file structure_4.csv (CSV, N, CA and C atoms)
chain,number,residue,atom,x,y,z
A,1,MET,N,112.0,105.8,95.6
A,1,MET,CA,110.9,106.8,95.7
A,1,MET,C,111.5,108.0,96.5
A,2,ARG,N,110.9,109.2,96.3
A,2,ARG,CA,111.3,110.3,97.0
A,2,ARG,C,110.1,111.1,97.5
A,3,LEU,N,110.1,111.4,98.8
A,3,LEU,CA,108.9,112.1,99.4
A,3,LEU,C,109.4,113.5,99.7
A,4,PHE,N,108.7,114.5,99.2
A,4,PHE,CA,109.0,115.9,99.5
A,4,PHE,C,107.9,116.4,100.5
A,5,VAL,N,108.4,116.9,101.6
A,5,VAL,CA,107.6,117.5,102.6
A,5,VAL,C,108.1,118.9,103.0
A,6,SER,N,107.3,119.7,103.7
A,6,SER,CA,107.7,121.0,104.1
A,6,SER,C,107.2,121.2,105.5
A,7,GLU,N,108.1,121.8,106.3
A,7,GLU,CA,107.7,122.2,107.7
A,7,GLU,C,106.4,123.0,107.7
A,8,GLY,N,105.4,122.7,108.5
A,8,GLY,CA,104.2,123.5,108.6
A,8,GLY,C,103.2,123.2,107.5
A,9,ALA,N,103.5,122.4,106.5
A,9,ALA,CA,102.5,122.0,105.5
A,9,ALA,C,101.6,121.0,106.1
A,10,PRO,N,100.3,121.3,106.1
A,10,PRO,CA,99.3,120.5,106.8
A,10,PRO,C,99.3,119.0,106.4
A,11,GLY,N,99.6,118.7,105.1
A,11,GLY,CA,99.5,117.3,104.7
A,11,GLY,C,100.8,116.5,105.0
A,12,SER,N,101.8,117.2,105.5
A,12,SER,CA,103.1,116.5,105.7
A,12,SER,C,103.0,115.4,106.9
A,13,LEU,N,102.3,115.8,107.9
A,13,LEU,CA,102.2,114.9,109.1
A,13,LEU,C,101.6,113.6,108.8
A,14,PRO,N,100.4,113.5,108.2
A,14,PRO,CA,99.7,112.2,107.9
A,14,PRO,C,100.6,111.4,106.9
A,15,VAL,N,101.2,112.1,106.0
A,15,VAL,CA,102.0,111.4,105.0
A,15,VAL,C,103.2,110.7,105.6
A,16,LEU,N,103.9,111.5,106.5
A,16,LEU,CA,105.0,110.9,107.2
A,16,LEU,C,104.6,109.7,108.1
A,17,ALA,N,103.5,109.8,108.8
A,17,ALA,CA,103.0,108.7,109.6
A,17,ALA,C,102.7,107.5,108.7
A,18,ALA,N,102.1,107.7,107.6
A,18,ALA,CA,101.8,106.6,106.7
A,18,ALA,C,103.1,106.0,106.1
A,19,ALA,N,104.1,106.8,105.8
A,19,ALA,CA,105.4,106.4,105.3
A,19,ALA,C,106.1,105.5,106.4
A,20,ARG,N,105.9,105.8,107.6
A,20,ARG,CA,106.5,105.1,108.7
A,20,ARG,C,105.9,103.6,108.7
A,21,ARG,N,104.6,103.5,108.4
A,21,ARG,CA,104.0,102.2,108.4
A,21,ARG,C,104.6,101.3,107.3
A,22,ALA,N,105.0,101.9,106.2
A,22,ALA,CA,105.6,101.2,105.0
A,22,ALA,C,107.1,101.1,105.1
A,23,GLN,N,107.7,101.6,106.2
A,23,GLN,CA,109.1,101.5,106.4
A,23,GLN,C,109.7,100.1,106.1
A,24,GLY,N,110.8,100.0,105.3
A,24,GLY,CA,111.4,98.8,105.0
A,24,GLY,C,110.8,98.0,103.9
A,25,ARG,N,109.7,98.5,103.3
A,25,ARG,CA,109.0,97.8,102.2
A,25,ARG,C,109.6,98.3,100.9
A,26,ALA,N,110.1,99.5,100.9
A,26,ALA,CA,110.7,100.1,99.7
A,26,ALA,C,111.7,101.2,100.1
A,27,GLU,N,112.6,101.5,99.2
A,27,GLU,CA,113.6,102.5,99.5
A,27,GLU,C,112.9,103.9,99.4
A,28,LEU,N,113.0,104.7,100.4
A,28,LEU,CA,112.4,106.0,100.4
A,28,LEU,C,113.4,107.1,100.9
A,29,LEU,N,113.5,108.1,100.1
A,29,LEU,CA,114.3,109.3,100.5
A,29,LEU,C,113.3,110.4,100.8
A,30,ILE,N,113.5,111.0,102.0
A,30,ILE,CA,112.6,112.1,102.4
A,30,ILE,C,113.4,113.4,102.3
A,31,SER,N,112.8,114.3,101.6
A,31,SER,CA,113.5,115.6,101.4
A,31,SER,C,112.6,116.7,101.9
A,32,THR,N,113.1,117.6,102.7
A,32,THR,CA,112.4,118.8,103.2
A,32,THR,C,112.7,119.9,102.2
A,33,VAL,N,111.6,120.5,101.7
A,33,VAL,CA,111.7,121.7,100.8
A,33,VAL,C,110.9,122.8,101.3
A,34,GLY,N,111.2,124.0,100.8
A,34,GLY,CA,110.4,125.2,101.2
A,34,GLY,C,109.0,125.1,100.6
A,35,PRO,N,108.1,125.8,101.3
A,35,PRO,CA,106.7,125.8,100.9
A,35,PRO,C,106.4,126.4,99.5
A,36,GLU,N,107.3,127.2,99.0
A,36,GLU,CA,107.2,127.8,97.7
A,36,GLU,C,107.9,127.1,96.6
A,37,GLU,N,108.6,126.0,96.9
A,37,GLU,CA,109.4,125.3,95.9
A,37,GLU,C,108.5,124.4,95.1
A,38,CYS,N,108.6,124.5,93.8
A,38,CYS,CA,107.8,123.8,92.9
A,38,CYS,C,108.5,122.4,92.6
A,39,VAL,N,107.9,121.4,93.1
A,39,VAL,CA,108.5,120.0,93.0
A,39,VAL,C,108.0,119.3,91.7
A,40,VAL,N,106.7,119.4,91.5
A,40,VAL,CA,106.1,118.8,90.3
A,40,VAL,C,106.2,119.7,89.1
A,41,PRO,N,107.0,119.3,88.1
A,41,PRO,CA,107.2,120.2,87.0
A,41,PRO,C,106.0,120.7,86.2
A,42,PHE,N,104.9,119.9,86.2
A,42,PHE,CA,103.7,120.3,85.4
A,42,PHE,C,102.7,121.0,86.2
A,43,LEU,N,102.9,121.2,87.5
A,43,LEU,CA,101.9,122.0,88.3
A,43,LEU,C,102.3,123.5,88.3
A,44,THR,N,101.4,124.4,88.2
A,44,THR,CA,101.7,125.8,88.1
A,44,THR,C,101.9,126.4,89.5
A,45,GLN,N,101.3,125.8,90.5
A,45,GLN,CA,101.4,126.2,91.9
A,45,GLN,C,102.3,125.2,92.7
A,46,PRO,N,103.1,125.7,93.6
A,46,PRO,CA,103.8,124.8,94.5
A,46,PRO,C,102.9,123.9,95.3
A,47,LYS,N,103.3,122.7,95.5
A,47,LYS,CA,102.4,121.7,96.2
A,47,LYS,C,103.3,120.7,97.0
A,48,VAL,N,103.1,120.6,98.3
A,48,VAL,CA,103.7,119.6,99.1
A,48,VAL,C,102.6,119.1,100.1
A,49,PRO,N,102.7,117.8,100.5
A,49,PRO,CA,103.6,116.8,100.2
A,49,PRO,C,103.5,116.3,98.8
A,50,VAL,N,104.6,115.7,98.2
A,50,VAL,CA,104.6,115.1,96.9
A,50,VAL,C,105.4,113.8,97.1
A,51,LEU,N,104.9,112.7,96.5
A,51,LEU,CA,105.7,111.5,96.4
A,51,LEU,C,106.1,111.2,94.9
A,52,GLN,N,107.4,111.2,94.7
A,52,GLN,CA,107.8,110.9,93.3
A,52,GLN,C,108.2,109.4,93.3
A,53,LEU,N,107.4,108.7,92.4
A,53,LEU,CA,107.6,107.2,92.3
A,53,LEU,C,108.8,106.9,91.5
A,54,ASP,N,109.3,105.7,91.6
A,54,ASP,CA,110.5,105.3,90.9
A,54,ASP,C,110.3,105.4,89.4
A,55,ASN,N,109.1,105.3,88.9
A,55,ASN,CA,108.9,105.3,87.5
A,55,ASN,C,108.8,106.8,87.0
A,56,GLY,N,108.9,107.8,87.9
A,56,GLY,CA,108.9,109.2,87.5
A,56,GLY,C,107.5,109.8,87.7
A,57,ASN,N,106.5,109.1,88.0
A,57,ASN,CA,105.2,109.6,88.2
A,57,ASN,C,105.2,110.3,89.6
A,58,TYR,N,104.2,111.2,89.8
A,58,TYR,CA,104.1,112.0,91.0
A,58,TYR,C,102.7,111.7,91.6
A,59,LEU,N,102.6,111.6,92.9
A,59,LEU,CA,101.4,111.6,93.7
A,59,LEU,C,101.4,112.9,94.5
A,60,PHE,N,100.4,113.8,94.4
A,60,PHE,CA,100.5,115.0,95.1
A,60,PHE,C,99.2,115.3,95.9
A,61,SER,N,98.5,114.3,96.2
A,61,SER,CA,97.3,114.3,97.1
A,61,SER,C,97.7,113.6,98.4
A,62,THR,N,97.5,114.3,99.5
A,62,THR,CA,97.8,113.7,100.8
A,62,THR,C,97.1,112.3,100.9
A,63,SER,N,95.9,112.2,100.6
A,63,SER,CA,95.1,110.9,100.7
A,63,SER,C,95.7,109.9,99.8
A,64,ALA,N,96.0,110.2,98.5
A,64,ALA,CA,96.6,109.3,97.6
A,64,ALA,C,97.9,108.8,98.1
A,65,ILE,N,98.8,109.6,98.6
A,65,ILE,CA,100.1,109.2,99.1
A,65,ILE,C,99.9,108.3,100.3
A,66,CYS,N,99.0,108.6,101.2
A,66,CYS,CA,98.7,107.8,102.4
A,66,CYS,C,98.3,106.4,101.9
A,67,ARG,N,97.3,106.4,101.0
A,67,ARG,CA,96.8,105.1,100.5
A,67,ARG,C,97.9,104.3,99.9
A,68,TYR,N,98.8,104.9,99.1
A,68,TYR,CA,99.9,104.2,98.5
A,68,TYR,C,100.8,103.6,99.5
A,69,PHE,N,101.1,104.3,100.6
A,69,PHE,CA,102.0,103.7,101.7
A,69,PHE,C,101.2,102.6,102.4
A,70,PHE,N,99.9,102.8,102.6
A,70,PHE,CA,99.2,101.7,103.2
A,70,PHE,C,99.2,100.4,102.4
A,71,LEU,N,99.1,100.6,101.1
A,71,LEU,CA,99.2,99.4,100.2
A,71,LEU,C,100.5,98.7,100.3
A,72,LEU,N,101.6,99.6,100.3
A,72,LEU,CA,103.0,99.0,100.4
A,72,LEU,C,103.1,98.3,101.8
A,73,SER,N,102.5,98.8,102.8
A,73,SER,CA,102.7,98.2,104.1
A,73,SER,C,101.9,96.9,104.3
A,74,GLY,N,101.0,96.7,103.4
A,74,GLY,CA,100.1,95.5,103.5
A,74,GLY,C,98.9,95.7,104.4
A,75,TRP,N,98.7,96.9,104.9
A,75,TRP,CA,97.6,97.3,105.8
A,75,TRP,C,96.3,97.4,105.0
A,76,GLU,N,95.4,96.6,105.3
A,76,GLU,CA,94.1,96.6,104.7
A,76,GLU,C,93.3,97.9,105.1
A,77,GLN,N,92.9,98.6,104.1
A,77,GLN,CA,92.1,99.8,104.3
A,77,GLN,C,90.7,99.4,104.5
A,78,ASP,N,90.0,100.0,105.5
A,78,ASP,CA,88.6,99.7,105.7
A,78,ASP,C,87.8,101.0,105.5
A,79,ASP,N,86.6,100.9,105.6
A,79,ASP,CA,85.7,102.1,105.4
A,79,ASP,C,86.1,103.2,106.4
A,80,LEU,N,86.4,102.9,107.6
A,80,LEU,CA,86.8,103.9,108.6
A,80,LEU,C,88.0,104.6,108.2
A,81,THR,N,89.0,103.9,107.7
A,81,THR,CA,90.3,104.6,107.3
A,81,THR,C,90.0,105.5,106.1
A,82,ASN,N,89.2,105.0,105.2
A,82,ASN,CA,88.8,105.9,104.0
A,82,ASN,C,88.0,107.1,104.5
A,83,GLN,N,87.2,106.9,105.4
A,83,GLN,CA,86.4,108.1,105.9
A,83,GLN,C,87.3,109.1,106.6
A,84,TRP,N,88.3,108.7,107.4
A,84,TRP,CA,89.2,109.7,108.0
A,84,TRP,C,90.1,110.3,107.0
A,85,LEU,N,90.5,109.6,106.0
A,85,LEU,CA,91.3,110.2,104.9
A,85,LEU,C,90.5,111.3,104.1
A,86,GLU,N,89.3,110.9,103.9
A,86,GLU,CA,88.4,111.9,103.2
A,86,GLU,C,88.1,113.1,104.0
A,87,TRP,N,87.9,112.9,105.3
A,87,TRP,CA,87.6,114.1,106.2
A,87,TRP,C,88.9,115.0,106.3
A,88,GLU,N,90.0,114.3,106.3
A,88,GLU,CA,91.3,115.1,106.4
A,88,GLU,C,91.4,116.0,105.1
A,89,ALA,N,91.1,115.4,104.0
A,89,ALA,CA,91.3,116.1,102.7
A,89,ALA,C,90.3,117.2,102.5
A,90,THR,N,89.0,117.0,102.9
A,90,THR,CA,88.0,117.9,102.6
A,90,THR,C,87.7,118.9,103.7
A,91,GLU,N,87.9,118.6,105.0
A,91,GLU,CA,87.6,119.5,106.1
A,91,GLU,C,88.9,120.0,106.7
A,92,LEU,N,89.8,119.2,107.1
A,92,LEU,CA,91.0,119.6,107.9
A,92,LEU,C,91.9,120.5,107.0
A,93,GLN,N,92.2,120.0,105.8
A,93,GLN,CA,93.0,120.8,104.8
A,93,GLN,C,92.4,122.1,104.5
A,94,ARG,N,91.1,122.2,104.4
A,94,ARG,CA,90.5,123.4,104.0
A,94,ARG,C,90.6,124.5,105.1
A,95,SER,N,90.7,124.0,106.4
A,95,SER,CA,90.7,124.9,107.5
A,95,SER,C,92.1,125.5,107.7
A,96,TRP,N,93.1,125.0,107.0
A,96,TRP,CA,94.5,125.5,107.2
A,96,TRP,C,94.7,126.6,106.1
call {"tool": "encode", "arguments": {"input": "structure_4.csv", "output": "structure tokens"}}
result
Amino acid sequence: MRLFVSEGAPGSLPVLAAARRAQGRAELLISTVGPEECVVPFLTQPKVPVLQLDNGNYLFSTSAICRYFFLLSGWEQDDLTNQWLEWEATELQRSW
């Protein structure tokens, strides 16, 4: 898997924290890219963070990437976790 992040991108920090929980469960290459670099070939606008899976699929939602890493780590997600991920996606991301 390959994780693309960018300095200053608001979604990079929670994704990196979630990746840390899954450390050792799968091989992960972390690449820092510029905020204007288009990583996902079918998106018209640049978007980071992005997780490219081994099968070639892309996850480009901060919440989806975090949930994926939580599943890899074996951490059970509860309602509180989902609530915070939803708040981060709808309120925090919008304010940046």
call {"tool": "atom_distance", "arguments": {"input": "structure_4.csv", "atom1": "atom CA of A:Ala19", "atom2": "atom CA of A:Arg67"}}
result
9.9 Å
call {"tool": "select_by_dssp", "arguments": {"input": "structure_4.csv", "residues": "chain A", "states": "strand (DSSP E)", "output": "list in words"}}
result
Arg2, Leu3, Phe4, Val5, Leu29, Ile30, Ser31, Thr32, Val50, Leu51, Gln52, Tyr58 and Leu59 of chain A
call {"tool": "atom_distance", "arguments": {"input": "structure_4.csv", "atom1": "atom CA of A:Asn57", "atom2": "atom N of A:Leu28"}}
result
15.3 Å
call {"tool": "closest_residue", "arguments": {"input": "structure_4.csv", "among": "A:Leu80, A:Met1, A:Ile65, A:Leu59", "to": "A:Ala26", "atoms": "only C-alpha atoms"}}
result
A:Met1
call {"tool": "residues_around", "arguments": {"input": "structure_4.csv", "residues": "A:Arg21", "least_positions_apart": "6", "cutoff": "6.5 Å", "atoms": "all atoms listed in the file", "output": "PDB file with N, CA and C atoms, in the frame of the given file"}}
result
ATOM      1  N   PHE A  69     101.100 104.300 100.600  1.00  0.00           N
ATOM      2  CA  PHE A  69     102.000 103.700 101.700  1.00  0.00           C
ATOM      3  C   PHE A  69     101.200 102.600 102.400  1.00  0.00           C
ATOM      4  N   LEU A  72     101.600  99.600 100.300  1.00  0.00           N
ATOM      5  CA  LEU A  72     103.000  99.000 100.400  1.00  0.00           C
ATOM      6  C   LEU A  72     103.100  98.300 101.800  1.00  0.00           C
ATOM      7  N   SER A  73     102.500  98.800 102.800  1.00  0.00           N
ATOM      8  CA  SER A  73     102.700  98.200 104.100  1.00  0.00           C
ATOM      9  C   SER A  73     101.900  96.900 104.300  1.00  0.00           C
TER      10      SER A  73
END
call {"tool": "closest_residue", "arguments": {"input": "structure_4.csv", "among": "A:Lys47, A:Gly8, A:Ser63, A:Cys38", "to": "A:Gln83", "atoms": "only C-alpha atoms"}}
result
A:Ser63
call {"tool": "select_by_dssp", "arguments": {"input": "structure_4.csv", "residues": "chain A", "states": "helix (DSSP H, G or I)", "output": "ChimeraX atom specification"}}
result
/A:12-21,62-73,79-95
call {"tool": "atom_distance", "arguments": {"input": "structure_4.csv", "atom1": "atom CA of A:Ser31", "atom2": "atom C of A:Glu88"}}
result
22.4 Å
call {"tool": "closest_residue", "arguments": {"input": "structure_4.csv", "among": "A:Val48, A:Gly56, A:Gly24, A:Thr62", "to": "A:Glu36", "atoms": "only N, CA and C atoms"}}
result
A:Val48
call {"tool": "residues_around", "arguments": {"input": "structure_4.csv", "residues": "A:Val40", "least_positions_apart": "3", "cutoff": "8 Å", "atoms": "only C-alpha atoms", "output": "list in words"}}
result
Leu43, Pro46, Lys47, Val50 and Tyr58 of chain A
call {"tool": "closest_residue", "arguments": {"input": "structure_4.csv", "among": "A:Glu7, A:Asp54, A:Glu91, A:Glu86", "to": "A:Gly34", "atoms": "only N, CA and C atoms"}}
result
A:Glu7
call {"tool": "closest_residue", "arguments": {"input": "structure_4.csv", "among": "A:Val39, A:Arg2, A:Gln45, A:Leu13", "to": "A:Glu27", "atoms": "only C-alpha atoms"}}
result
A:Arg2
call {"tool": "closest_residue", "arguments": {"input": "structure_4.csv", "among": "A:Ser6, A:Leu16, A:Trp84, A:Ala89", "to": "A:Ser61", "atoms": "only C-alpha atoms"}}
result
A:Ala89
